[in-house]
Amino acid sequence: MANIKEKNTITKPVDNTTLEETTQGEKKTEIIREPIFKTNNFNLWYGDNHALQDINLTFNKNEISAIIGPSGCGKSTFVKSLNRMVELVPVVRTEGEILYRDQDIFEKKFTVEELRTKVGMVFQKPNPFPKSIYDNVAYGPRVHGIRKKKVLDEVVEKSLCDAAIWDEVKDRLHENALGLSGGQQQRICIARALATEPDVILMDEPTSALDPISTTKVEDLMQQLKKDYSIVVVTHNMQQAARVSDTTAFFYQGYVVEHDETKVIFENPRDQRTEDYVSGRFG
Amino acid sequence: MSNYNIQEMIQKNKSNKGAGFEKLIPVILLIITSISVLATIGILYTLISQSLEFFNRESFVQFFTSATWQPYSSEPEFGIWALVMGTLKVVVIATIFAVPIGLGAAIYLSEYASERAKKIIKPILEVLAGIPTVVYGFFAINFVTPFLQSLYSGISLYNAVSAGLVVGIMIIPMIASLSEDAMSSVPNSTREGSLGLGATKLETTFKVVLPAAISGIIASVVLAVSRAIGETMIVSIAAGSTPNASLDITSSLQTMTGFIVQITSGDAAYGSSLYFSLFAVGMTLFLFTFVMNIISQWVSKRFREEY
């Protein structure tokens with residue numbers, strides 16, 4: 001598990017000593033702090049309720065960006081805005097820009113399907129389809145026209161391996177995914193998101209429905225995934241944010257109070273409210 | 001301090017309640033429940049015993065193998081296939097017509113319609129389910145048949161197409177409403193899982209929602225088909241009374257139910273073969289719907305998906 005004390009300076013990527021595969025270090029140094037998501041004065045309303053106010057945030061490639069804040073502060077709404085899932089609520093209205101690799105995601109020519117293929121999502125409650133484990137993981141590639149069994153077999157195995165669940169399910173790939181435990185289901189959902197090889201993975205409180213052991217597994221997994229993906233994670237659990245993330249944004253009542261290195265947020269926050277929240281005085 | 005002593009009043013009232021009455025309730029309810037069970041047993045007994053009487057008089061083999069139904073002839077022939085084919089023609093036409101429309105409506109209502117549209121359309125569909133079937137029969141012969149004849153003059157006044165289409169219209173609300181229930185009960189998180197992977201709404205509907213709701217959908221279709229098999233008024237009015245086993249859907253035919261209506265409203269002499277044939281046909285009809293019920297129960301167990 002990551003330890004914030006081992007974190008390097010701002011310009012260098014996090015060196016996670018608990019991981020064995022540090023060989024990709026050179027690759028990482030080339031892509032230091034490349035912004036992947038940038039929001040410019042992003043506002044969102046649910047009907048008359050101004051749920052997100054002037055959000056200006058930047059998330060970087062190959063980092064885990066945590067979003068913390070009390071219930072109802074808009075953190076889930078925000079993360080769902082990044083892949084436009086928030087638009088499934090009919091009364092939602094947005095203003096401002098969200099740039100994904102310098103491209104406004106609300107632009108007409110950038111379809112929502114295209115965006116969601118690049119920006120995968122793992123939900124709060126494990127939501128595997130009532131299908132076999134194999135069909136769950138192969139779903140994304142199949143939807144995007146990949147039919148060859150050889151390719152699918154490989155993708156399924158790789159995704160399940162990357163989601164650290166291959167060994168547990170390799171002998172029952174064709175059993176219903178709903179027969180697995182909650183923690184396993186969540187890792188199947190992560191594998192399902194990985195199968196389309198997205199660029200970014202959004203996680204909306206991915207461990208809130210899981211027991212501590214499964215939570216640890218998912219957190220370890222996030223550290224592994226950081227090498228190849230950028231992760232934005234919403235969490236209720238401050239220890240989790242402190243353990244896994246590189247940067248942390250603190251949301252409060254629909255706006256961003258503070259966004260900084262996780263270490264700064266937890267050890268030396270600038271805003272009194274941040275300090276109160278991370279020290280557990282409210283929230 | 002209250003002027004009343006509530007506990008005392010409760011004790012007093014309690015003694016007024018007959019303790020025996022409370023014990024009698026389950027007995028009364030059991031009797032009430034037994035009425036429907038006994039009625040079913042009674043009807044089955046009548047059907048079976050009278051059918052046996054029929055088979056005492058007429059050939060069992062002929063009944064199930066012959067396709068000629070000529071109960072009035074001097075040498076009557078009772079071949080059930082003529083009536084079964086009539087029923088099947090109407091049911092197949094009704095099913096082919098109703099399943100796509102009913103499912104389409106269910107998909108629209110469950111996946112695409114706004115709350116407002118749903119609120120308006122669903123009650124209308126349910127009104128359709130409440131129209132008396134005799135009205136549908138009139139609709140078939142006074143409206144659908146002339147319309148079909150204007151398209152293709154080879155269609156006779158009584159035919160399978162018109163009856164089949166109108167039976168189809170009758171069962172659409174059943175398929176639509178029950179399938180919509182099945183699809184709506186698929187949790188939204190499942191849809192989000194699919195949309196979140198970049199699937200379109202249509203892909204999500206067909207690859208995730210429909211498969212997840214399949215047991216309810218199949219059950220609704222099976223139920224609707226049994227309803228079509230047992231449908232009587234529409235086919236009595238619009239399908240004719242010419243038993244035949246041909247595959248021709250433009251000419252007059254007779255269904256099992258149609259035959260029963262014709263004979264019971266006419267004068268089948270008690271004790272004649274014709275009279276007993278009613279029960280044999282009724283028994284066959286019962287077997288059909290019974291098998292459909294079994295299928296429906298098996299299907300909903302087999303394909304049930306737990307969330």
# chains A, B, ... in the order shown; residues from 1 in each chain; ligands from 1
>>> interface_residues(of="chain A", to="chain B", cutoff="7 Å", atoms="only C-alpha atoms", output="ChimeraX atom specification")
/A:113-114,116-117,120-121,127-130,140,143,193
>>> write_last_selection(atoms="N, CA and C atoms", output="mmCIF file, in the first residue's frame")
data_model
loop_
_atom_site.group_PDB
_atom_site.id
_atom_site.type_symbol
_atom_site.label_atom_id
_atom_site.label_comp_id
_atom_site.auth_asym_id
_atom_site.auth_seq_id
_atom_site.Cartn_x
_atom_site.Cartn_y
_atom_site.Cartn_z
ATOM 1 N N GLU A 113 -20.629 8.386 -26.354
ATOM 2 C CA GLU A 113 -20.157 6.993 -26.379
ATOM 3 C C GLU A 113 -18.636 6.947 -26.515
ATOM 4 N N GLU A 114 -18.120 7.844 -27.374
ATOM 5 C CA GLU A 114 -16.674 7.926 -27.584
ATOM 6 C C GLU A 114 -15.990 8.286 -26.259
ATOM 7 N N ARG A 116 -17.093 7.878 -23.189
ATOM 8 C CA ARG A 116 -17.180 6.826 -22.170
ATOM 9 C C ARG A 116 -16.324 5.613 -22.522
ATOM 10 N N THR A 117 -15.978 5.479 -23.807
ATOM 11 C CA THR A 117 -15.057 4.412 -24.186
ATOM 12 C C THR A 117 -13.656 4.749 -23.685
ATOM 13 N N GLY A 120 -13.533 5.209 -18.522
ATOM 14 C CA GLY A 120 -14.324 4.134 -17.933
ATOM 15 C C GLY A 120 -14.785 4.490 -16.535
ATOM 16 N N MET A 121 -15.695 3.677 -16.005
ATOM 17 C CA MET A 121 -16.211 4.009 -14.683
ATOM 18 C C MET A 121 -16.456 2.759 -13.851
ATOM 19 N N ASN A 127 -21.962 -3.573 -9.905
ATOM 20 C CA ASN A 127 -23.133 -3.760 -10.774
ATOM 21 C C ASN A 127 -22.819 -4.656 -11.959
ATOM 22 N N PRO A 128 -22.345 -5.884 -11.690
ATOM 23 C CA PRO A 128 -22.117 -6.775 -12.830
ATOM 24 C C PRO A 128 -23.438 -7.075 -13.533
ATOM 25 N N PHE A 129 -23.360 -7.349 -14.824
ATOM 26 C CA PHE A 129 -24.571 -7.749 -15.551
ATOM 27 C C PHE A 129 -24.944 -9.161 -15.108
ATOM 28 N N PRO A 130 -26.227 -9.484 -15.172
ATOM 29 C CA PRO A 130 -26.611 -10.880 -14.855
ATOM 30 C C PRO A 130 -26.199 -11.831 -15.972
ATOM 31 N N GLY A 140 -17.733 -4.870 -23.069
ATOM 32 C CA GLY A 140 -17.260 -3.618 -23.670
ATOM 33 C C GLY A 140 -16.666 -3.832 -25.055
ATOM 34 N N VAL A 143 -19.374 -4.709 -27.564
ATOM 35 C CA VAL A 143 -20.209 -3.575 -27.947
ATOM 36 C C VAL A 143 -19.502 -2.718 -28.989
ATOM 37 N N ALA A 193 -14.287 -2.677 -16.802
ATOM 38 C CA ALA A 193 -13.898 -1.337 -17.231
ATOM 39 C C ALA A 193 -12.540 -1.366 -17.935
#
>>> residues_around(residues="segment 264-279 of chain B", least_positions_apart="2", cutoff="8 Å", atoms="only C-alpha atoms", output="number ranges by chain")
B: 47-48, 50-51, 53-54, 57-58, 71-72, 78, 260-262, 281-283
>>> write_last_selection(atoms="C-alpha atoms", output="short mmCIF file (atom, residue, chain, number, x, y, z; two decimals), in the first residue's frame")
data_model
loop_
_atom_site.label_atom_id
_atom_site.label_comp_id
_atom_site.auth_asym_id
_atom_site.auth_seq_id
_atom_site.Cartn_x
_atom_site.Cartn_y
_atom_site.Cartn_z
CA LEU B 47 -64.73 -32.76 -18.28
CA ILE B 48 -62.93 -36.05 -17.78
CA GLN B 50 -67.97 -36.86 -19.99
CA SER B 51 -64.95 -37.07 -22.28
CA GLU B 53 -68.22 -41.23 -22.21
CA PHE B 54 -67.49 -39.66 -25.60
CA ARG B 57 -68.98 -44.05 -28.25
CA GLU B 58 -66.50 -42.70 -30.74
CA PRO B 71 -70.38 -34.00 -36.32
CA TYR B 72 -73.65 -33.45 -38.21
CA PHE B 78 -64.77 -36.43 -35.00
CA ILE B 260 -68.15 -25.17 -28.22
CA VAL B 261 -70.02 -21.86 -28.45
CA GLN B 262 -71.85 -22.96 -31.58
CA VAL B 281 -63.04 -30.65 -27.18
CA GLY B 282 -63.13 -28.81 -23.87
CA MET B 283 -60.69 -31.34 -22.45
#
>>> select_by_dssp(residues="segment 4-190 of chain A", states="alpha helix (DSSP H)", output="JSON, numbers by chain")
{"A": [25, 26, 27, 28, 29, 30, 75, 76, 77, 78, 79, 80, 81, 82, 112, 113, 114, 115, 116, 117, 118, 133, 134, 135, 136, 137, 138, 139, 140, 141, 142, 143, 149, 150, 151, 152, 153, 154, 155, 156, 157, 158, 159, 160, 161, 162, 166, 167, 168, 169, 182, 183, 184, 185, 186, 187, 188, 189, 190]}
>>> residues_around(residues="Thr262 of chain A", least_positions_apart="3", cutoff="10 Å", atoms="only C-alpha atoms", output="list in words")
Ile4, Lys7, Ile64, Ser65, Ala66, Ala241, Ala242, Arg243, Val244, Ser245, Asp246, Thr247, Thr248, Ala249, His259, Ile265, Phe266, Glu267, Asn268 and Pro269 of chain A
>>> atom_distance(atom1="atom CA of Leu148 of chain B", atom2="atom CA of Ile93 of chain B")
14.2 Å
>>> residues_around(residues="Lys89 of chain B", least_positions_apart="5", cutoff="8 Å", atoms="only C-alpha atoms", output="mmCIF file with N, CA and C atoms, in the first residue's frame")
data_model
loop_
_atom_site.group_PDB
_atom_site.id
_atom_site.type_symbol
_atom_site.label_atom_id
_atom_site.label_comp_id
_atom_site.auth_asym_id
_atom_site.auth_seq_id
_atom_site.Cartn_x
_atom_site.Cartn_y
_atom_site.Cartn_z
ATOM 1 N N ALA B 160 -59.156 -16.273 -41.025
ATOM 2 C CA ALA B 160 -58.223 -16.372 -39.898
ATOM 3 C C ALA B 160 -57.441 -15.082 -39.690
ATOM 4 N N GLY B 164 -57.296 -13.321 -36.251
ATOM 5 C CA GLY B 164 -55.958 -13.398 -35.657
ATOM 6 C C GLY B 164 -55.436 -12.017 -35.286
ATOM 7 N N LEU B 247 -54.202 -24.942 -44.364
ATOM 8 C CA LEU B 247 -53.345 -23.862 -43.887
ATOM 9 C C LEU B 247 -53.809 -22.511 -44.428
ATOM 10 N N ILE B 249 -55.404 -19.141 -44.734
ATOM 11 C CA ILE B 249 -55.813 -18.197 -43.695
ATOM 12 C C ILE B 249 -56.834 -17.181 -44.193
#
>>> residues_around(residues="Thr216 of chain A", least_positions_apart="4", cutoff="12 Å", atoms="only C-alpha atoms", output="list of chain:residue names")
A:Met1, A:Ala2, A:Ala164, A:Gly183, A:Arg187, A:Pro206, A:Thr207, A:Ser208, A:Leu210, A:Asp211, A:Pro212, A:Asp220, A:Leu221, A:Met222, A:Gln223, A:Gln239, A:Gln240, A:Arg243, A:Val244
>>> write_last_selection(atoms="N, CA and C atoms", output="PDB file, in the first residue's frame")
ATOM      1  N   MET A   1       0.825  -1.197   0.000  1.00  0.00           N
ATOM      2  CA  MET A   1       0.000   0.000   0.000  1.00  0.00           C
ATOM      3  C   MET A   1       0.863   1.251   0.000  1.00  0.00           C
ATOM      4  N   ALA A   2       0.371   2.274  -0.599  1.00  0.00           N
ATOM      5  CA  ALA A   2       1.180   3.481  -0.719  1.00  0.00           C
ATOM      6  C   ALA A   2       1.322   4.162   0.630  1.00  0.00           C
ATOM      7  N   ALA A 164      -6.710  -8.351 -10.713  1.00  0.00           N
ATOM      8  CA  ALA A 164      -6.294  -9.222  -9.606  1.00  0.00           C
ATOM      9  C   ALA A 164      -7.389 -10.179  -9.158  1.00  0.00           C
ATOM     10  N   GLY A 183     -16.944  -8.214  -2.999  1.00  0.00           N
ATOM     11  CA  GLY A 183     -15.600  -7.753  -3.335  1.00  0.00           C
ATOM     12  C   GLY A 183     -15.148  -8.299  -4.681  1.00  0.00           C
ATOM     13  N   ARG A 187     -14.346  -6.298  -8.316  1.00  0.00           N
ATOM     14  CA  ARG A 187     -13.140  -6.465  -9.141  1.00  0.00           C
ATOM     15  C   ARG A 187     -13.499  -6.921 -10.551  1.00  0.00           C
ATOM     16  N   PRO A 206     -15.602   3.323  -4.771  1.00  0.00           N
ATOM     17  CA  PRO A 206     -15.581   1.925  -5.222  1.00  0.00           C
ATOM     18  C   PRO A 206     -15.554   0.911  -4.098  1.00  0.00           C
ATOM     19  N   THR A 207     -15.195   1.337  -2.901  1.00  0.00           N
ATOM     20  CA  THR A 207     -15.076   0.340  -1.834  1.00  0.00           C
ATOM     21  C   THR A 207     -16.106   0.530  -0.730  1.00  0.00           C
ATOM     22  N   SER A 208     -17.050   1.457  -0.948  1.00  0.00           N
ATOM     23  CA  SER A 208     -17.959   1.755   0.163  1.00  0.00           C
ATOM     24  C   SER A 208     -18.888   0.588   0.487  1.00  0.00           C
ATOM     25  N   LEU A 210     -17.839  -2.557   0.344  1.00  0.00           N
ATOM     26  CA  LEU A 210     -16.997  -3.740   0.513  1.00  0.00           C
ATOM     27  C   LEU A 210     -16.461  -3.882   1.935  1.00  0.00           C
ATOM     28  N   ASP A 211     -16.102  -5.108   2.271  1.00  0.00           N
ATOM     29  CA  ASP A 211     -15.507  -5.365   3.579  1.00  0.00           C
ATOM     30  C   ASP A 211     -14.029  -4.933   3.551  1.00  0.00           C
ATOM     31  N   PRO A 212     -13.386  -4.829   4.724  1.00  0.00           N
ATOM     32  CA  PRO A 212     -12.014  -4.298   4.766  1.00  0.00           C
ATOM     33  C   PRO A 212     -11.011  -5.070   3.920  1.00  0.00           C
ATOM     34  N   ASP A 220      -4.942  -1.830  -3.347  1.00  0.00           N
ATOM     35  CA  ASP A 220      -3.694  -2.310  -3.935  1.00  0.00           C
ATOM     36  C   ASP A 220      -3.777  -2.270  -5.452  1.00  0.00           C
ATOM     37  N   LEU A 221      -4.942  -2.703  -5.926  1.00  0.00           N
ATOM     38  CA  LEU A 221      -5.181  -2.755  -7.356  1.00  0.00           C
ATOM     39  C   LEU A 221      -5.045  -1.370  -7.981  1.00  0.00           C
ATOM     40  N   MET A 222      -5.588  -0.369  -7.290  1.00  0.00           N
ATOM     41  CA  MET A 222      -5.510   0.991  -7.833  1.00  0.00           C
ATOM     42  C   MET A 222      -4.055   1.413  -7.999  1.00  0.00           C
ATOM     43  N   GLN A 223      -3.236   1.040  -7.044  1.00  0.00           N
ATOM     44  CA  GLN A 223      -1.814   1.376  -7.140  1.00  0.00           C
ATOM     45  C   GLN A 223      -1.174   0.737  -8.360  1.00  0.00           C
ATOM     46  N   GLN A 239      -8.997   8.034   5.156  1.00  0.00           N
ATOM     47  CA  GLN A 239      -7.782   7.229   5.217  1.00  0.00           C
ATOM     48  C   GLN A 239      -7.469   6.671   3.837  1.00  0.00           C
ATOM     49  N   GLN A 240      -8.543   6.304   3.137  1.00  0.00           N
ATOM     50  CA  GLN A 240      -8.326   5.762   1.806  1.00  0.00           C
ATOM     51  C   GLN A 240      -7.677   6.809   0.895  1.00  0.00           C
ATOM     52  N   ARG A 243      -4.159   7.117   1.812  1.00  0.00           N
ATOM     53  CA  ARG A 243      -3.344   5.954   1.457  1.00  0.00           C
ATOM     54  C   ARG A 243      -3.040   5.901  -0.028  1.00  0.00           C
ATOM     55  N   VAL A 244      -4.059   6.117  -0.856  1.00  0.00           N
ATOM     56  CA  VAL A 244      -3.870   5.779  -2.265  1.00  0.00           C
ATOM     57  C   VAL A 244      -3.586   6.950  -3.192  1.00  0.00           C
TER      58      VAL A 244
END
>>> residues_around(residues="Gln272 of chain A", least_positions_apart="3", cutoff="12 Å", atoms="only C-alpha atoms", output="CSV table (one decimal) with C-alpha atoms, in the first residue's frame")
chain,number,residue,atom,x,y,z
A,250,PHE,CA,-11.8,18.8,-1.0
A,257,VAL,CA,-12.3,24.4,-1.2
A,258,GLU,CA,-8.8,23.1,-1.8
A,265,ILE,CA,-4.2,18.4,2.2
A,266,PHE,CA,-3.8,16.0,5.1
A,268,ASN,CA,-0.8,21.1,6.1
A,269,PRO,CA,-4.0,22.3,4.6
A,275,GLU,CA,-8.4,20.9,8.2
A,276,ASP,CA,-11.6,20.5,10.2
A,277,TYR,CA,-12.8,17.9,7.7
A,278,VAL,CA,-9.6,15.8,7.4
A,279,SER,CA,-9.2,15.8,11.1
A,281,ARG,CA,-14.2,17.6,13.2
A,282,PHE,CA,-17.1,17.6,10.8
>>> atom_distance(atom1="atom CA of Val92 of chain A", atom2="atom CA of Ile120 of chain B")
23.7 Å
>>> select_by_dssp(residues="segment 60-164 of chain B", states="strand (DSSP E)", output="number ranges by chain")
B: 69-70, 77-78
>>> residues_around(residues="Gly137 of chain B", least_positions_apart="6", cutoff="10 Å", atoms="only C-alpha atoms", output="count of residues only")
14
>>> atom_distance(atom1="atom CA of Tyr46 of chain A", atom2="atom CA of Gly74 of chain A")
10.9 Å
